[in-house]
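> Take this structure first; my questions come after.
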There are 2 protein chains.
Amino acid sequence: MSEPRWLNAEEQRAWRAYLESTILLFDALDRQLQREAGLPHTYYEILVRLSEASARTLRMSELAQATRSSRSRLSHAVARLEERGWVRRRDCATDRRGQLAELTDAGFAVLEAAAPGHVAAVRRHVIDRLDPDQIAQLAAIGEAIVAGAVED
Amino acid sequence: MSEPRWLNAEEQRAWRAYLESTILLFDALDRQLQREAGLPHTYYEILVRLSEASARTLRMSELAQATRSSRSRLSHAVARLEERGWVRRRDCATDRRGQLAELTDAGFAVLEAAAPGHVAAVRRHVIDRLDPDQIAQLAAIGEAIVAGAVED
DNA sequence: CGCAGTCGGTTGAGCTTTCAACTACCTCGC
DNA sequence: GCGAGGTAGTTGAAAGCTCAACCGACTGCG
């Protein structure tokens with residue numbers, strides 16, 4: 001392994017700011033959702049994705065990809081959500097290995113109740129702290145990182 | 001509570017890109033560190049902060065602030081790091097409630113071994129995917145979010 | 001002084017995540 | 001068709017995080 005290219009001052013500043021902001025932000029959002037809706041952010045995302053899907057239903061694997069979650073994590077998470085009656089599991093008609101996750105009415109109601117507070121928190125911590133240029137920059141930066149994360 | 005201000009298309013795009021990039025990025029960095037150094041990113045950060053402190057020592061509360069971690073989390077984490085011999089706990093001379101955490105030589109060696117791979121991963125996933133303007137923008141955005149996260 | 005409130009840190013229980021197996025099913029080539 | 005290898009999803013154990021309760025030490029005020 002060759003001599004590592006350390007970060008220069010500007011890069012270091014950007015990286016640390018990004019790191020710190022992310023930790024603070026996710027902590028705040030997680031706490032907010034836990035407090036007001038009783039679920040962690042990853043579970044909230046699962047409900048969001050299901051609510052946007054046709055028939056409020058997705059294959060487990062599609063849901064895992066949409067939420068950027070491992071199969072295992074999703075499996076555990078859906079099990080918990082099912083216990084609470086917010087998601088229902090059903091067999092897939094075309095592939096007997098497959099499972100469909102469907103958002104129940106109760107789950108949708110939970111999401112509807114949680115969404116305003118969550119959006120308000122996102123605004124308060126992120127959107128309203130940035131000017132329109134920065135919003136566009138953030139989108140471009142995020143997309144560049146996502147594009148680069150495909151390989152690993 | 002009044003009608004929530006939902007995110008418009010641009011805001012939604014920025015938020016989702018940020019969210020997704022962050023999840024992907026932290027997953028990748030965590031896996032990289034776990035694989036190559038056998039520690040999670042939060043533990044790595046603890047070692048980094050201690051290594052930068054004078055006498056490689058910090059009060060637990062200072063360390064908690066520096067790593068943006070809860071007291072409880074830090075307490076558990078330092079306990080694990082101590083078990084592995086990478087950190088040593090000592091009593092504080094001026095405040096009998098206080099505890100000092102000191103990075104051991106073994107801990108420093110672990111950090112030295114882990115750092116190049118970690119920096120390379122940060123470069124690969126973030127820095128090298130952005131142009132110099134974007135690096136500066138990311139720093140400014142991160143700092144704005146940090147500034148806003150002070151209250152809650 | 002004395003004591004009420006705060007601060008620094010730890011602990012244990014419960015929950016989420018990860019990792020590595022494991023089962024069941026599908027697919028493709030022979 | 002049948003076997004090898006890949007795919008979909010689950011499971012259990014181990015690890016980390018959160019929350020609330022807790023203890024001991026400090027601080028400030030009457």
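Letters A, B, ... go to the chains of the structure tokens in the order shown; residues in each chain start at 1; ligands are counted from 1 in the same order.
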Excluding same-chain residues fewer than 2 positions from DT27 of chain C, what lies within 12 Å of it counting only C-alpha atoms (C1' of nucleotides), as a PyMOL selection string?
(chain C and resi 25+29) or (chain D and resi 3-7)
> Could you write those residues out with C-alpha atoms (C1' of nucleotides), as an mmCIF file, in the first residue's frame?

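Output (out_15.cif):
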data_model
loop_
_atom_site.group_PDB
_atom_site.id
_atom_site.type_symbol
_atom_site.label_atom_id
_atom_site.label_comp_id
_atom_site.auth_asym_id
_atom_site.auth_seq_id
_atom_site.Cartn_x
_atom_site.Cartn_y
_atom_site.Cartn_z
ATOM 1 C "C1'" DC C 25 -36.748 -21.998 -4.434
ATOM 2 C "C1'" DG C 29 -26.331 -25.820 -18.785
ATOM 3 C "C1'" DG D 3 -27.304 -31.017 -10.436
ATOM 4 C "C1'" DA D 4 -24.544 -26.588 -9.544
ATOM 5 C "C1'" DG D 5 -24.849 -22.286 -8.452
ATOM 6 C "C1'" DG D 6 -27.398 -18.224 -7.646
ATOM 7 C "C1'" DT D 7 -31.473 -15.710 -5.456
#
> Tell me, counting only C-alpha atoms (C1' of nucleotides), for each residue of chain D within 9 Å of chain B, which pair of atoms is nearest and how far apart they are in Å to one decimal, in rows ordered by chain and increasing number, as a Markdown table.

| residue | atom | partner | partner_atom | distance |
| --- | --- | --- | --- | --- |
| D:DG16 | C1' | B:Ala77 | CA | 8.5 |
| D:DC17 | C1' | B:Arg73 | CA | 6.6 |
| D:DT18 | C1' | B:Arg73 | CA | 8.2 |
| D:DG24 | C1' | B:Arg97 | CA | 7.2 |
| D:DA25 | C1' | B:Arg97 | CA | 5.5 |
| D:DC26 | C1' | B:Asp95 | CA | 8.2 |
> Suppose you want the space between atom CA of Asp91 of chain A and atom CA of Asp105 of chain A; what is it in Å?
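Here the two named atoms are 19.1 Å from each other.
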> Tell me as number ranges by chain which residues belonging to chain A come within 9 Å of chain B, counting only C-alpha atoms.
A: 3-7, 10-11, 13-25, 28, 67-69, 115-117, 119-120, 122-127, 129-130, 132, 134-150, 152
> Once you have the residues from the selection above, write them out as a PDB file, in the first residue's frame, restricted to C-alpha atoms.

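Everything below was put into again-v4.pdb:
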ATOM      1  CA  GLU A   3       1.754   6.446   1.085  1.00  0.00           C
ATOM      2  CA  PRO A   4      -1.777   7.602   1.877  1.00  0.00           C
ATOM      3  CA  ARG A   5      -3.009  10.912   0.499  1.00  0.00           C
ATOM      4  CA  TRP A   6      -4.121  12.674   3.654  1.00  0.00           C
ATOM      5  CA  LEU A   7      -6.807  15.318   3.475  1.00  0.00           C
ATOM      6  CA  GLU A  10     -10.040  22.451   3.041  1.00  0.00           C
ATOM      7  CA  GLU A  11     -10.925  18.810   2.577  1.00  0.00           C
ATOM      8  CA  ARG A  13     -12.851  21.049   7.053  1.00  0.00           C
ATOM      9  CA  ALA A  14     -15.500  19.843   4.627  1.00  0.00           C
ATOM     10  CA  TRP A  15     -15.310  16.271   5.808  1.00  0.00           C
ATOM     11  CA  ARG A  16     -15.509  17.123   9.482  1.00  0.00           C
ATOM     12  CA  ALA A  17     -18.378  19.531   8.943  1.00  0.00           C
ATOM     13  CA  TYR A  18     -20.266  16.952   6.931  1.00  0.00           C
ATOM     14  CA  LEU A  19     -19.562  14.266   9.509  1.00  0.00           C
ATOM     15  CA  GLU A  20     -20.580  16.380  12.436  1.00  0.00           C
ATOM     16  CA  SER A  21     -23.686  17.773  10.792  1.00  0.00           C
ATOM     17  CA  THR A  22     -24.806  14.309   9.839  1.00  0.00           C
ATOM     18  CA  ILE A  23     -24.380  12.898  13.309  1.00  0.00           C
ATOM     19  CA  LEU A  24     -26.219  15.779  14.905  1.00  0.00           C
ATOM     20  CA  LEU A  25     -28.943  15.757  12.309  1.00  0.00           C
ATOM     21  CA  ALA A  28     -32.127  14.853  16.248  1.00  0.00           C
ATOM     22  CA  THR A  67     -34.542   1.909   1.898  1.00  0.00           C
ATOM     23  CA  ARG A  68     -30.876   1.037   1.317  1.00  0.00           C
ATOM     24  CA  SER A  69     -31.169  -1.587   3.963  1.00  0.00           C
ATOM     25  CA  ALA A 115     -45.219  12.962   8.837  1.00  0.00           C
ATOM     26  CA  PRO A 116     -45.957  16.600   9.754  1.00  0.00           C
ATOM     27  CA  GLY A 117     -43.652  16.545  12.747  1.00  0.00           C
ATOM     28  CA  VAL A 119     -41.135  17.243   7.855  1.00  0.00           C
ATOM     29  CA  ALA A 120     -41.070  20.142  10.263  1.00  0.00           C
ATOM     30  CA  VAL A 122     -36.256  18.304   8.434  1.00  0.00           C
ATOM     31  CA  ARG A 123     -37.120  21.900   7.606  1.00  0.00           C
ATOM     32  CA  ARG A 124     -35.924  23.212  10.910  1.00  0.00           C
ATOM     33  CA  HIS A 125     -32.595  21.383  10.815  1.00  0.00           C
ATOM     34  CA  VAL A 126     -31.761  21.421   7.130  1.00  0.00           C
ATOM     35  CA  ILE A 127     -33.932  23.106   4.550  1.00  0.00           C
ATOM     36  CA  ARG A 129     -30.940  26.744   7.231  1.00  0.00           C
ATOM     37  CA  LEU A 130     -29.857  26.746   3.598  1.00  0.00           C
ATOM     38  CA  PRO A 132     -31.828  28.056  -2.561  1.00  0.00           C
ATOM     39  CA  GLN A 134     -27.248  25.568  -1.236  1.00  0.00           C
ATOM     40  CA  ILE A 135     -30.294  23.363  -1.652  1.00  0.00           C
ATOM     41  CA  ALA A 136     -29.310  22.782  -5.265  1.00  0.00           C
ATOM     42  CA  GLN A 137     -25.681  22.220  -4.274  1.00  0.00           C
ATOM     43  CA  LEU A 138     -26.681  19.695  -1.661  1.00  0.00           C
ATOM     44  CA  ALA A 139     -28.727  17.770  -4.198  1.00  0.00           C
ATOM     45  CA  ALA A 140     -25.786  17.680  -6.610  1.00  0.00           C
ATOM     46  CA  ILE A 141     -23.310  16.659  -3.921  1.00  0.00           C
ATOM     47  CA  GLY A 142     -25.587  13.945  -2.586  1.00  0.00           C
ATOM     48  CA  GLU A 143     -26.155  12.574  -6.044  1.00  0.00           C
ATOM     49  CA  ALA A 144     -22.434  12.510  -6.758  1.00  0.00           C
ATOM     50  CA  ILE A 145     -21.805  10.532  -3.601  1.00  0.00           C
ATOM     51  CA  VAL A 146     -24.635   8.130  -4.364  1.00  0.00           C
ATOM     52  CA  ALA A 147     -23.282   7.625  -7.864  1.00  0.00           C
ATOM     53  CA  GLY A 148     -19.868   6.848  -6.452  1.00  0.00           C
ATOM     54  CA  ALA A 149     -21.155   4.457  -3.835  1.00  0.00           C
ATOM     55  CA  VAL A 150     -22.450   2.008  -6.369  1.00  0.00           C
ATOM     56  CA  ASP A 152     -17.299  -0.599  -3.299  1.00  0.00           C
TER      57      ASP A 152
END
> Kindly assemble as CSV a list of the chain C residues that lie within 9 Å of chain A, each paired with its nearest atom pair and their distance in Å to one decimal, using only C-alpha atoms (C1' of nucleotides), sorted first by chain and then by ascending residue number.

residue,atom,partner,partner_atom,distance
C:DT16,C1',A:Ala77,CA,8.4
C:DT17,C1',A:Arg73,CA,6.6
C:DT18,C1',A:Arg73,CA,8.2
C:DA24,C1',A:Arg97,CA,6.8
C:DC25,C1',A:Arg97,CA,5.6
C:DC26,C1',A:Asp95,CA,8.2
> Include N, CA and C atoms (P, O5', C5', C4', C3', O3' and C1' of nucleotides) and write out the residues we just selected as a PDB file, in the first residue's frame.

ATOM      1  P    DT C  16     -36.895  -1.671  17.742  1.00  0.00           P
ATOM      2  O5'  DT C  16     -35.458  -1.592  17.070  1.00  0.00           O
ATOM      3  C5'  DT C  16     -34.765  -0.343  17.085  1.00  0.00           C
ATOM      4  C4'  DT C  16     -33.393  -0.507  16.469  1.00  0.00           C
ATOM      5  C3'  DT C  16     -33.384  -1.127  15.067  1.00  0.00           C
ATOM      6  O3'  DT C  16     -32.632  -0.258  14.241  1.00  0.00           O
ATOM      7  C1'  DT C  16     -31.859  -2.258  16.489  1.00  0.00           C
ATOM      8  P    DT C  17     -32.381  -0.581  12.721  1.00  0.00           P
ATOM      9  O5'  DT C  17     -30.970  -1.313  12.747  1.00  0.00           O
ATOM     10  C5'  DT C  17     -29.827  -0.599  13.184  1.00  0.00           C
ATOM     11  C4'  DT C  17     -28.605  -1.478  13.095  1.00  0.00           C
ATOM     12  C3'  DT C  17     -28.430  -2.174  11.738  1.00  0.00           C
ATOM     13  O3'  DT C  17     -27.152  -1.820  11.240  1.00  0.00           O
ATOM     14  C1'  DT C  17     -28.205  -3.726  13.541  1.00  0.00           C
ATOM     15  P    DT C  18     -26.680  -2.427   9.808  1.00  0.00           P
ATOM     16  O5'  DT C  18     -25.735  -3.639  10.242  1.00  0.00           O
ATOM     17  C5'  DT C  18     -24.704  -3.412  11.181  1.00  0.00           C
ATOM     18  C4'  DT C  18     -23.978  -4.707  11.478  1.00  0.00           C
ATOM     19  C3'  DT C  18     -23.614  -5.521  10.233  1.00  0.00           C
ATOM     20  O3'  DT C  18     -22.243  -5.857  10.317  1.00  0.00           O
ATOM     21  C1'  DT C  18     -24.768  -6.871  11.813  1.00  0.00           C
ATOM     22  P    DA C  24     -36.703 -26.253   4.173  1.00  0.00           P
ATOM     23  O5'  DA C  24     -37.213 -25.438   2.909  1.00  0.00           O
ATOM     24  C5'  DA C  24     -37.825 -24.162   3.104  1.00  0.00           C
ATOM     25  C4'  DA C  24     -37.827 -23.432   1.799  1.00  0.00           C
ATOM     26  C3'  DA C  24     -38.174 -24.319   0.597  1.00  0.00           C
ATOM     27  O3'  DA C  24     -39.294 -23.743  -0.053  1.00  0.00           O
ATOM     28  C1'  DA C  24     -36.283 -22.983   0.149  1.00  0.00           C
ATOM     29  P    DC C  25     -40.030 -24.461  -1.240  1.00  0.00           P
ATOM     30  O5'  DC C  25     -39.540 -23.636  -2.514  1.00  0.00           O
ATOM     31  C5'  DC C  25     -39.742 -22.221  -2.518  1.00  0.00           C
ATOM     32  C4'  DC C  25     -38.820 -21.627  -3.544  1.00  0.00           C
ATOM     33  C3'  DC C  25     -39.046 -22.162  -4.957  1.00  0.00           C
ATOM     34  O3'  DC C  25     -39.386 -21.060  -5.776  1.00  0.00           O
ATOM     35  C1'  DC C  25     -36.748 -21.998  -4.434  1.00  0.00           C
ATOM     36  P    DC C  26     -40.145 -21.299  -7.178  1.00  0.00           P
ATOM     37  O5'  DC C  26     -39.016 -20.846  -8.196  1.00  0.00           O
ATOM     38  C5'  DC C  26     -38.598 -19.493  -8.197  1.00  0.00           C
ATOM     39  C4'  DC C  26     -37.231 -19.406  -8.835  1.00  0.00           C
ATOM     40  C3'  DC C  26     -37.197 -19.832 -10.314  1.00  0.00           C
ATOM     41  O3'  DC C  26     -36.750 -18.732 -11.056  1.00  0.00           O
ATOM     42  C1'  DC C  26     -35.388 -20.746  -9.082  1.00  0.00           C
TER      43       DC C  26
END
> Step one, run DSSP on the backbone; step two, keep only residues of chain A assigned to alpha helix (DSSP H); then write them as a VMD selection string.
chain A and resid 9 to 37 41 to 52 60 to 66 71 to 83 105 to 125 132 to 148
> Emit the selected residues as a compact mmCIF listing (two decimals), in the first residue's frame, including C-alpha atoms.

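Dumped everything to part-v5.txt:
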# COMPACT_ATOMS: atom_id res chain seq x y z
CA ALA A 9 -7.06 21.67 5.26
CA GLU A 10 -10.04 22.45 3.04
CA GLU A 11 -10.92 18.81 2.58
CA GLN A 12 -10.56 18.15 6.26
CA ARG A 13 -12.85 21.05 7.05
CA ALA A 14 -15.50 19.84 4.63
CA TRP A 15 -15.31 16.27 5.81
CA ARG A 16 -15.51 17.12 9.48
CA ALA A 17 -18.38 19.53 8.94
CA TYR A 18 -20.27 16.95 6.93
CA LEU A 19 -19.56 14.27 9.51
CA GLU A 20 -20.58 16.38 12.44
CA SER A 21 -23.69 17.77 10.79
CA THR A 22 -24.81 14.31 9.84
CA ILE A 23 -24.38 12.90 13.31
CA LEU A 24 -26.22 15.78 14.91
CA LEU A 25 -28.94 15.76 12.31
CA PHE A 26 -29.70 12.06 12.43
CA ASP A 27 -29.62 12.03 16.18
CA ALA A 28 -32.13 14.85 16.25
CA LEU A 29 -34.41 13.30 13.65
CA ASP A 30 -34.28 9.91 15.28
CA ARG A 31 -35.12 11.35 18.66
CA GLN A 32 -37.93 13.42 17.24
CA LEU A 33 -39.53 10.45 15.51
CA GLN A 34 -39.03 8.18 18.47
CA ARG A 35 -40.60 10.70 20.79
CA GLU A 36 -43.56 11.67 18.65
CA ALA A 37 -44.27 8.49 16.74
CA HIS A 41 -36.07 6.69 11.35
CA THR A 42 -35.37 3.51 9.39
CA TYR A 43 -38.80 2.17 10.25
CA TYR A 44 -40.37 5.44 9.24
CA GLU A 45 -38.62 5.18 5.88
CA ILE A 46 -40.04 1.71 5.39
CA LEU A 47 -43.55 3.02 5.92
CA VAL A 48 -42.89 5.94 3.56
CA ARG A 49 -41.70 3.70 0.77
CA LEU A 50 -44.62 1.34 1.16
CA SER A 51 -47.07 4.22 1.19
CA GLU A 52 -45.69 5.40 -2.16
CA MET A 60 -39.06 -7.44 0.37
CA SER A 61 -36.08 -7.14 -1.93
CA GLU A 62 -37.44 -4.01 -3.61
CA LEU A 63 -38.17 -2.51 -0.23
CA ALA A 64 -34.66 -3.33 0.91
CA GLN A 65 -33.20 -1.54 -2.08
CA ALA A 66 -35.47 1.44 -1.74
CA ARG A 71 -32.07 -8.03 3.77
CA SER A 72 -31.50 -9.02 7.33
CA ARG A 73 -32.25 -5.62 8.74
CA LEU A 74 -35.40 -5.34 6.73
CA SER A 75 -36.53 -8.78 7.74
CA HIS A 76 -36.18 -7.94 11.42
CA ALA A 77 -37.76 -4.54 10.95
CA VAL A 78 -40.77 -5.82 9.06
CA ALA A 79 -41.23 -8.46 11.73
CA ARG A 80 -41.50 -5.70 14.34
CA LEU A 81 -43.79 -3.61 12.19
CA GLU A 82 -45.97 -6.64 11.62
CA GLU A 83 -46.21 -7.28 15.36
CA ASP A 105 -54.51 1.09 7.23
CA ALA A 106 -53.21 1.30 10.77
CA GLY A 107 -49.70 1.72 9.41
CA PHE A 108 -50.83 4.42 7.05
CA ALA A 109 -52.50 6.23 9.91
CA VAL A 110 -49.29 6.11 11.93
CA LEU A 111 -47.42 7.55 8.99
CA GLU A 112 -49.96 10.32 8.49
CA ALA A 113 -49.68 11.22 12.13
CA ALA A 114 -45.89 11.20 12.13
CA ALA A 115 -45.22 12.96 8.84
CA PRO A 116 -45.96 16.60 9.75
CA GLY A 117 -43.65 16.55 12.75
CA HIS A 118 -40.94 14.84 10.78
CA VAL A 119 -41.13 17.24 7.86
CA ALA A 120 -41.07 20.14 10.26
CA ALA A 121 -37.90 18.75 11.83
CA VAL A 122 -36.26 18.30 8.43
CA ARG A 123 -37.12 21.90 7.61
CA ARG A 124 -35.92 23.21 10.91
CA HIS A 125 -32.60 21.38 10.81
CA PRO A 132 -31.83 28.06 -2.56
CA ASP A 133 -28.35 27.79 -4.07
CA GLN A 134 -27.25 25.57 -1.24
CA ILE A 135 -30.29 23.36 -1.65
CA ALA A 136 -29.31 22.78 -5.27
CA GLN A 137 -25.68 22.22 -4.27
CA LEU A 138 -26.68 19.70 -1.66
CA ALA A 139 -28.73 17.77 -4.20
CA ALA A 140 -25.79 17.68 -6.61
CA ILE A 141 -23.31 16.66 -3.92
CA GLY A 142 -25.59 13.95 -2.59
CA GLU A 143 -26.15 12.57 -6.04
CA ALA A 144 -22.43 12.51 -6.76
CA ILE A 145 -21.81 10.53 -3.60
CA VAL A 146 -24.64 8.13 -4.36
CA ALA A 147 -23.28 7.63 -7.86
CA GLY A 148 -19.87 6.85 -6.45
> For the atom pair atom C1' of DA8 of chain D and atom CA of Ala53 of chain A, what is the interatomic distance in Å to one decimal place?
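Distance reported for this atom pair: 19.7 Å.
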> List every residue of chain A that DSSP, applied to the backbone of this structure, places in strand (DSSP E or B), and write the result as a list in words.
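Reading the DSSP output for chain A, strand (DSSP E or B) covers Thr57, Leu58, Arg59, Val87, Arg88, Arg89, Arg90, Asp91, Gln99, Leu100, Ala101, Glu102 and Leu103 of chain A.
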> Only N, CA and C atoms, please: the residues just picked out, written as a PDB file, in the first residue's frame.

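Contents of result_25.pdb, freshly written:
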ATOM      1  N   THR A  57     -47.737  -1.859  -1.556  1.00  0.00           N
ATOM      2  CA  THR A  57     -47.131  -3.177  -1.422  1.00  0.00           C
ATOM      3  C   THR A  57     -45.829  -3.234  -2.205  1.00  0.00           C
ATOM      4  N   LEU A  58     -44.819  -3.857  -1.632  1.00  0.00           N
ATOM      5  CA  LEU A  58     -43.553  -4.069  -2.332  1.00  0.00           C
ATOM      6  C   LEU A  58     -42.990  -5.437  -1.965  1.00  0.00           C
ATOM      7  N   ARG A  59     -42.218  -5.975  -2.884  1.00  0.00           N
ATOM      8  CA  ARG A  59     -41.433  -7.157  -2.570  1.00  0.00           C
ATOM      9  C   ARG A  59     -40.415  -6.779  -1.509  1.00  0.00           C
ATOM     10  N   VAL A  87     -47.798  -3.358   9.197  1.00  0.00           N
ATOM     11  CA  VAL A  87     -47.421  -3.961   7.919  1.00  0.00           C
ATOM     12  C   VAL A  87     -47.932  -5.402   7.951  1.00  0.00           C
ATOM     13  N   ARG A  88     -48.288  -5.898   6.773  1.00  0.00           N
ATOM     14  CA  ARG A  88     -48.739  -7.281   6.665  1.00  0.00           C
ATOM     15  C   ARG A  88     -47.850  -7.983   5.647  1.00  0.00           C
ATOM     16  N   ARG A  89     -47.484  -9.207   5.919  1.00  0.00           N
ATOM     17  CA  ARG A  89     -46.678  -9.980   4.973  1.00  0.00           C
ATOM     18  C   ARG A  89     -47.572 -10.922   4.190  1.00  0.00           C
ATOM     19  N   ARG A  90     -47.328 -11.042   2.893  1.00  0.00           N
ATOM     20  CA  ARG A  90     -48.073 -12.018   2.090  1.00  0.00           C
ATOM     21  C   ARG A  90     -47.146 -12.708   1.118  1.00  0.00           C
ATOM     22  N   ASP A  91     -47.564 -13.890   0.686  1.00  0.00           N
ATOM     23  CA  ASP A  91     -46.738 -14.629  -0.260  1.00  0.00           C
ATOM     24  C   ASP A  91     -46.839 -13.997  -1.640  1.00  0.00           C
ATOM     25  N   GLN A  99     -41.688 -12.606  -0.746  1.00  0.00           N
ATOM     26  CA  GLN A  99     -42.639 -12.113   0.240  1.00  0.00           C
ATOM     27  C   GLN A  99     -43.016 -10.692  -0.140  1.00  0.00           C
ATOM     28  N   LEU A 100     -44.268 -10.387   0.036  1.00  0.00           N
ATOM     29  CA  LEU A 100     -44.731  -9.028  -0.193  1.00  0.00           C
ATOM     30  C   LEU A 100     -44.987  -8.361   1.146  1.00  0.00           C
ATOM     31  N   ALA A 101     -44.591  -7.137   1.257  1.00  0.00           N
ATOM     32  CA  ALA A 101     -44.907  -6.359   2.456  1.00  0.00           C
ATOM     33  C   ALA A 101     -45.949  -5.328   2.076  1.00  0.00           C
ATOM     34  N   GLU A 102     -47.019  -5.274   2.840  1.00  0.00           N
ATOM     35  CA  GLU A 102     -48.120  -4.359   2.527  1.00  0.00           C
ATOM     36  C   GLU A 102     -48.383  -3.465   3.734  1.00  0.00           C
ATOM     37  N   LEU A 103     -48.487  -2.192   3.474  1.00  0.00           N
ATOM     38  CA  LEU A 103     -48.806  -1.243   4.540  1.00  0.00           C
ATOM     39  C   LEU A 103     -50.283  -1.371   4.901  1.00  0.00           C
TER      40      LEU A 103
END
> Which one is closest to DT11 of chain D: C:DA21, C:DC15, C:DC3, C:DC30? Count only C-alpha atoms (C1' of nucleotides).
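Closest residue, counting only C-alpha atoms (C1' of nucleotides): C:DA21.
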> Rounded to one decimal place, report the atom CA of Thr94 of chain B-atom C1' of DG30 of chain D distance in Å.
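Distance reported for this atom pair: 27.5 Å.
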